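Colleague: Let me begin by handing over the structure; questions about it come next.
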There are 2 protein chains.
Amino acid sequence: VKASDLGEFALIERLAGTLGGSQDREVVVGIGDDAAVYHVGTEYIIATTDTLVEGVHFLPDTDAHALGWKAMAVNLSDIAAMGGWPAFALVTLALPGEVDVAAIEVLYEGIRDMATVAATPVIGGDTVRAGELSVTVTVIGQAVQDKGQPLLLRRDAAKPGDAIAVTGTLGESAAGLRQLRDGVTESLFIDRHLRPQPRLAEAALAVSAGIRCGIDVSDGLLADVGHICERSGVGAGIKAEVVPMSAPLRRAYGDALHLACTGGEDYELVLVGPRKKLEAIKDEAQLTIIGEIVDHRDPRPRLLAADGRVINFEKRGWDAFKS
Amino acid sequence: VKASDLGEFALIERLAGTLGGSQDREVVVGIGDDAAVYHVGTEYIIATTDTLVEGVHFLPDTDAHALGWKAMAVNLSDIAAMGGWPAFALVTLALPGEVDVAAIEVLYEGIRDMATVAATPVIGGDTVRAGELSVTVTVIGQAVQDKGQPLLLRRDAAKPGDAIAVTGTLGESAAGLRQLRDGVTESLFIDRHLRPQPRLAEAALAVSAGIRCGIDVSDGLLADVGHICERSGVGAGIKAEVVPMSAPLRRAYGDALHLACTGGEDYELVLVGPRKKLEAIKDEAQLTIIGEIVDHRDPRPRLLAADGRVINFEKRGWDAFKS
């Protein structure tokens, strides 16, 4: 079987099976969430890593500063999606020998600028020769504790009756990617696509408000809520008319809802928990309550129109191997 | 300037400069040692990452199990080289869509088998599509503490008068690589090359014996002792006649000393400190005392023949970009 026949999620599942599921009692969260959590001494350490490959995750002529920024931001977003705070980062650069060092320095400036915003120093990594450019960022963070227990935003903690909320607005990143592909070089949407803002402060608010379930929007709203449903053994209903979209997005795109629900790479947070707890931090965390967790086993969230009909989009997310 | 013109070490230095050297007070060891160390809450977290790229770090027909083993082992060796214990690992696999999943599963079995020996569960990572196969392992570990301070094996802690010791024997890994290139498929040397054994127990012995300076032998003995000299601002003399080599290596290769001093990828530990402290753990840690730190500023270690003459080898180590 080829990797491309299997697809990204099936491949990860199969490889995780090969690793054999650890019996280690210090593993708090293993493979299958936004980041892993491990009990080290008296701390709960959160760890995540993401690789961006030229031609797969970014276009070859992508602005180097933006690429660095994004490589760091997506990892910080994974730490936020666990409810943690970042501590430090490692950066691995794989590059062909003929790459211009000046461009790589600009890429590192992007990494540094995002890292500085999040007070997360880059303290190590690796530099290797390779046939194609790729950048791998690893961020190590720390969970907030209460009485020796870590307070986390897990994917597997959704319960029927919980409300579903999302920070900020959705769809602009996907619109930005569409503009880049159409040859546009600068716009608000492109900036959203290239320079995502990890929702670390919002995650901290959610955790201290008692929220225990969440994910960041990387694959697309429906796909990511679907990941929560799958891991929690529940279903979800999302009201289309309240999915948060900016006025410029609505004005510019007739299919804004499609972009907002399936586009992905928004790096907003989906938070799931008791409605009252979400409402308590609604303003401060810029939350919109968009739906509810329901007691059925179909992990595909139902996107509901105002009249109660189910809206179906063909594409629900993005698969690195099948696309 | 192209990356290949600059060379690996100069490139890393320049990129580290771009990151700007953090003012973060929790950074204990930053870029430039075997692994980074960061103070998280009440723990000192050690982090290291290494990437192996097909065609650069391993031959395309390398045994997949051995490749997985080695990718994990070299990172565990970096944790040992800081004097720490591993806690958990992340694994990132970059692979072309047409790669056979069965081969990747064997690679993961190799990762798992080495990880199991070191009681280091793989609890996360990333899987990405790429033009060429590469595997990136990140290991997160923990430093032993004494009165709230971390006990580490640093590169910058060598002092004139310190003795230099090394664990085990050297040169067999380089001999194994030579055999692989000559078409040999199985031998003791090849096994040393493909399945290094990280010296975690020896590192722990050294730290509790009061040793505070060390490095693992990856670039080659002279190059790695040179890294210690450079970072510590000292020189070193190494006695050629006591460099530890196995009897089979001496028998098989007329240039065994060259292999032992410059071959690299031995993943033994160089330990530097007071002679008495090293002698106290000599037997248990299989140490050979091979030389002494001296008070001069030439960071290139002098390899001394029995008659006191300096032995010069042209090649001192390995550069990923220049080679």
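Order determines the names: the first chain of the structure tokens is A, the second B, and so forth; residues in each chain are numbered 1 upward, and ligands are numbered 1 upward as they are shown.
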Mind listing as a PDB file with N, CA, C and O atoms, in the first residue's frame which residues of chain A are within 6 Å of chain B, counting only C-alpha atoms?
Modeller:
```pdb
ATOM      1  N   VAL A   1       0.856  -1.203   0.000  1.00  0.00           N
ATOM      2  CA  VAL A   1       0.000   0.000   0.000  1.00  0.00           C
ATOM      3  C   VAL A   1       0.884   1.243   0.000  1.00  0.00           C
ATOM      4  O   VAL A   1       1.816   1.349   0.795  1.00  0.00           O
ATOM      5  N   LYS A   2       0.552   2.180  -0.877  1.00  0.00           N
ATOM      6  CA  LYS A   2       1.288   3.447  -0.910  1.00  0.00           C
ATOM      7  C   LYS A   2       0.708   4.416   0.106  1.00  0.00           C
ATOM      8  O   LYS A   2      -0.498   4.390   0.387  1.00  0.00           O
ATOM      9  N   ALA A   3       1.560   5.311   0.607  1.00  0.00           N
ATOM     10  CA  ALA A   3       1.105   6.335   1.557  1.00  0.00           C
ATOM     11  C   ALA A   3      -0.056   7.130   0.971  1.00  0.00           C
ATOM     12  O   ALA A   3      -1.017   7.450   1.666  1.00  0.00           O
ATOM     13  N   SER A   4       0.027   7.440  -0.326  1.00  0.00           N
ATOM     14  CA  SER A   4      -1.003   8.272  -0.948  1.00  0.00           C
ATOM     15  C   SER A   4      -2.352   7.559  -1.066  1.00  0.00           C
ATOM     16  O   SER A   4      -3.396   8.187  -1.107  1.00  0.00           O
ATOM     17  N   LEU A  19       3.704   1.956  16.813  1.00  0.00           N
ATOM     18  CA  LEU A  19       4.424   2.398  18.016  1.00  0.00           C
ATOM     19  C   LEU A  19       3.874   1.700  19.255  1.00  0.00           C
ATOM     20  O   LEU A  19       4.556   1.598  20.269  1.00  0.00           O
ATOM     21  N   GLY A  30      -1.563  11.377  24.500  1.00  0.00           N
ATOM     22  CA  GLY A  30      -0.660  10.848  23.485  1.00  0.00           C
ATOM     23  C   GLY A  30      -1.061  11.301  22.088  1.00  0.00           C
ATOM     24  O   GLY A  30      -1.676  12.364  21.921  1.00  0.00           O
ATOM     25  N   ILE A  31      -0.713  10.494  21.094  1.00  0.00           N
ATOM     26  CA  ILE A  31      -1.007  10.816  19.698  1.00  0.00           C
ATOM     27  C   ILE A  31      -2.516  10.958  19.495  1.00  0.00           C
ATOM     28  O   ILE A  31      -3.285  10.167  20.022  1.00  0.00           O
ATOM     29  N   ALA A  36       0.906  16.756  22.560  1.00  0.00           N
ATOM     30  CA  ALA A  36       1.059  15.692  23.545  1.00  0.00           C
ATOM     31  C   ALA A  36       1.339  16.314  24.912  1.00  0.00           C
ATOM     32  O   ALA A  36       1.876  17.417  24.999  1.00  0.00           O
ATOM     33  N   THR A  49       4.813  19.577  17.272  1.00  0.00           N
ATOM     34  CA  THR A  49       5.742  19.869  16.186  1.00  0.00           C
ATOM     35  C   THR A  49       4.993  19.856  14.867  1.00  0.00           C
ATOM     36  O   THR A  49       4.071  19.065  14.673  1.00  0.00           O
ATOM     37  N   ASP A  50       5.359  20.778  13.986  1.00  0.00           N
ATOM     38  CA  ASP A  50       4.738  20.853  12.670  1.00  0.00           C
ATOM     39  C   ASP A  50       5.787  21.193  11.642  1.00  0.00           C
ATOM     40  O   ASP A  50       6.659  22.020  11.884  1.00  0.00           O
ATOM     41  N   GLY A  97      21.676  23.030  -0.785  1.00  0.00           N
ATOM     42  CA  GLY A  97      22.901  23.809  -0.667  1.00  0.00           C
ATOM     43  C   GLY A  97      22.880  25.118  -1.430  1.00  0.00           C
ATOM     44  O   GLY A  97      23.538  26.078  -1.044  1.00  0.00           O
ATOM     45  N   GLU A  98      22.103  25.159  -2.534  1.00  0.00           N
ATOM     46  CA  GLU A  98      22.134  26.365  -3.373  1.00  0.00           C
ATOM     47  C   GLU A  98      21.185  27.469  -2.902  1.00  0.00           C
ATOM     48  O   GLU A  98      21.104  28.526  -3.504  1.00  0.00           O
ATOM     49  N   VAL A  99      20.468  27.247  -1.796  1.00  0.00           N
ATOM     50  CA  VAL A  99      19.557  28.271  -1.276  1.00  0.00           C
ATOM     51  C   VAL A  99      20.360  29.475  -0.793  1.00  0.00           C
ATOM     52  O   VAL A  99      21.434  29.339  -0.209  1.00  0.00           O
ATOM     53  N   ASP A 100      19.801  30.658  -1.046  1.00  0.00           N
ATOM     54  CA  ASP A 100      20.452  31.902  -0.663  1.00  0.00           C
ATOM     55  C   ASP A 100      20.299  32.124   0.846  1.00  0.00           C
ATOM     56  O   ASP A 100      19.190  32.129   1.374  1.00  0.00           O
ATOM     57  N   VAL A 101      21.424  32.298   1.515  1.00  0.00           N
ATOM     58  CA  VAL A 101      21.405  32.449   2.976  1.00  0.00           C
ATOM     59  C   VAL A 101      20.610  33.683   3.401  1.00  0.00           C
ATOM     60  O   VAL A 101      19.942  33.679   4.440  1.00  0.00           O
ATOM     61  N   ARG A 112      11.463  34.560  14.498  1.00  0.00           N
ATOM     62  CA  ARG A 112      11.794  35.336  15.697  1.00  0.00           C
ATOM     63  C   ARG A 112      10.676  36.319  16.056  1.00  0.00           C
ATOM     64  O   ARG A 112      10.309  36.449  17.213  1.00  0.00           O
ATOM     65  N   ILE A 123      15.625  28.031  21.244  1.00  0.00           N
ATOM     66  CA  ILE A 123      16.876  27.745  21.946  1.00  0.00           C
ATOM     67  C   ILE A 123      17.620  26.545  21.370  1.00  0.00           C
ATOM     68  O   ILE A 123      18.635  26.122  21.916  1.00  0.00           O
ATOM     69  N   GLY A 124      17.143  25.999  20.241  1.00  0.00           N
ATOM     70  CA  GLY A 124      17.865  24.882  19.644  1.00  0.00           C
ATOM     71  C   GLY A 124      17.218  24.456  18.354  1.00  0.00           C
ATOM     72  O   GLY A 124      16.290  25.106  17.863  1.00  0.00           O
ATOM     73  N   GLY A 125      17.735  23.351  17.784  1.00  0.00           N
ATOM     74  CA  GLY A 125      17.183  22.842  16.544  1.00  0.00           C
ATOM     75  C   GLY A 125      18.245  22.101  15.756  1.00  0.00           C
ATOM     76  O   GLY A 125      19.223  21.603  16.307  1.00  0.00           O
ATOM     77  N   ASP A 126      18.036  22.050  14.455  1.00  0.00           N
ATOM     78  CA  ASP A 126      18.970  21.336  13.593  1.00  0.00           C
ATOM     79  C   ASP A 126      18.955  22.032  12.234  1.00  0.00           C
ATOM     80  O   ASP A 126      17.987  22.712  11.887  1.00  0.00           O
TER      81      ASP A 126
END
```
Colleague: Contacts of Arg178 in chain A at 10 Å or less, counting only C-alpha atoms, minus same-chain residues fewer than 2 places along, as a ChimeraX atom specification?
Modeller: /A:172-176,180-184,189-190,193,259,263
Colleague: Rounded to one decimal place, report the CA of Ile238 in chain B-CA of Ile311 in chain B distance in Å.
Modeller: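 Distance between the two atoms: 10.1 Å.
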Colleague: Report the residues of range 33-261 of chain B whose backbone DSSP state falls under helix (DSSP H, G or I), written as a ChimeraX atom specification.
Modeller: /B:64-81,101-117,172-181,188-194,200-208,221-232,240-242,247-252,256-261
Colleague: Find, counting only C-alpha atoms, the residue in B:Ala260, B:Ala209, B:Ala223, B:Leu304 that gets nearest to Ala240 in chain B.
Modeller: B:Leu304
Colleague: Mind listing the strand (DSSP E) residues of range 35-126 of chain B, per DSSP on the backbone, as JSON, numbers by chain?
Modeller: {"B": [36, 37, 38, 39, 40, 43, 44, 45, 46, 47, 48, 49, 50, 51, 52, 53, 85, 86, 87, 88, 89, 90, 91, 92, 93, 94, 95, 122, 123, 124, 125, 126]}
Colleague: Determine the nearest neighbour of Phe313 in chain A from the options A:Glu265, A:Glu292, A:Asp255, A:Asp298, counting only C-alpha atoms.
Modeller: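 Once distances to Phe313 in chain A are computed over only C-alpha atoms, the minimum belongs to A:Asp255.
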Colleague: Find the residues near Ala280 in chain B: any atom within 12 Å, counting only C-alpha atoms, skip ones fewer than 3 places away on the same chain, and give them as a short mmCIF file (atom, residue, chain, number, x, y, z; two decimals) with C-alpha atoms, in the first residue's frame.
Modeller:
```
data_model
loop_
_atom_site.label_atom_id
_atom_site.label_comp_id
_atom_site.auth_asym_id
_atom_site.auth_seq_id
_atom_site.Cartn_x
_atom_site.Cartn_y
_atom_site.Cartn_z
CA LEU B 205 27.22 8.03 36.46
CA ALA B 206 29.34 10.96 35.30
CA SER B 208 26.58 11.97 39.97
CA ALA B 209 30.39 11.67 40.16
CA GLY B 210 30.62 15.47 39.77
CA ILE B 211 31.60 15.66 36.09
CA GLY B 273 36.80 16.85 34.48
CA PRO B 274 39.14 16.24 37.40
CA ARG B 275 41.13 13.04 36.82
CA LYS B 276 40.16 11.59 40.23
CA LYS B 277 36.46 11.97 39.56
CA ASP B 283 35.31 0.75 35.34
CA GLU B 284 31.58 1.18 35.74
CA ALA B 285 31.33 3.67 32.84
CA GLN B 286 33.95 1.86 30.69
CA LEU B 287 36.09 4.99 30.49
CA THR B 288 39.53 5.42 28.98
CA ILE B 289 41.44 8.55 29.92
#
```
Colleague: Using only C-alpha atoms, pick whichever of A:Ala163, A:Ile46, A:Ile228, A:Met114 has the shortest atom-to-atom distance to Arg300 in chain A.
Modeller: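 Among A:Ala163, A:Ile46, A:Ile228, A:Met114, it is A:Ile228 that comes nearest to Arg300 in chain A.
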Colleague: Any idea what's packed within 8 Å of Gly84 in chain A, counting only C-alpha atoms, ignoring anything in its chain fewer than 4 positions away? Could you give it as number ranges by chain?
Modeller: A: 46, 79-80, 141-144, 152, 200, 203-204
Colleague: Kindly give the distance, in Å, that separates CA of Asp63 in chain A and CA of Arg195 in chain A, rounded to a single decimal.
Modeller: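 One can read the CA of Asp63 in chain A to CA of Arg195 in chain A distance as 10.7 Å.
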Colleague: Quick one: of A:Gly235, A:Gly220, A:Pro301, A:Pro198, who's nearest to Trp69 in chain A, counting only C-alpha atoms?
Modeller: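 Answer, going by the shortest atom-to-atom distance: A:Pro198.
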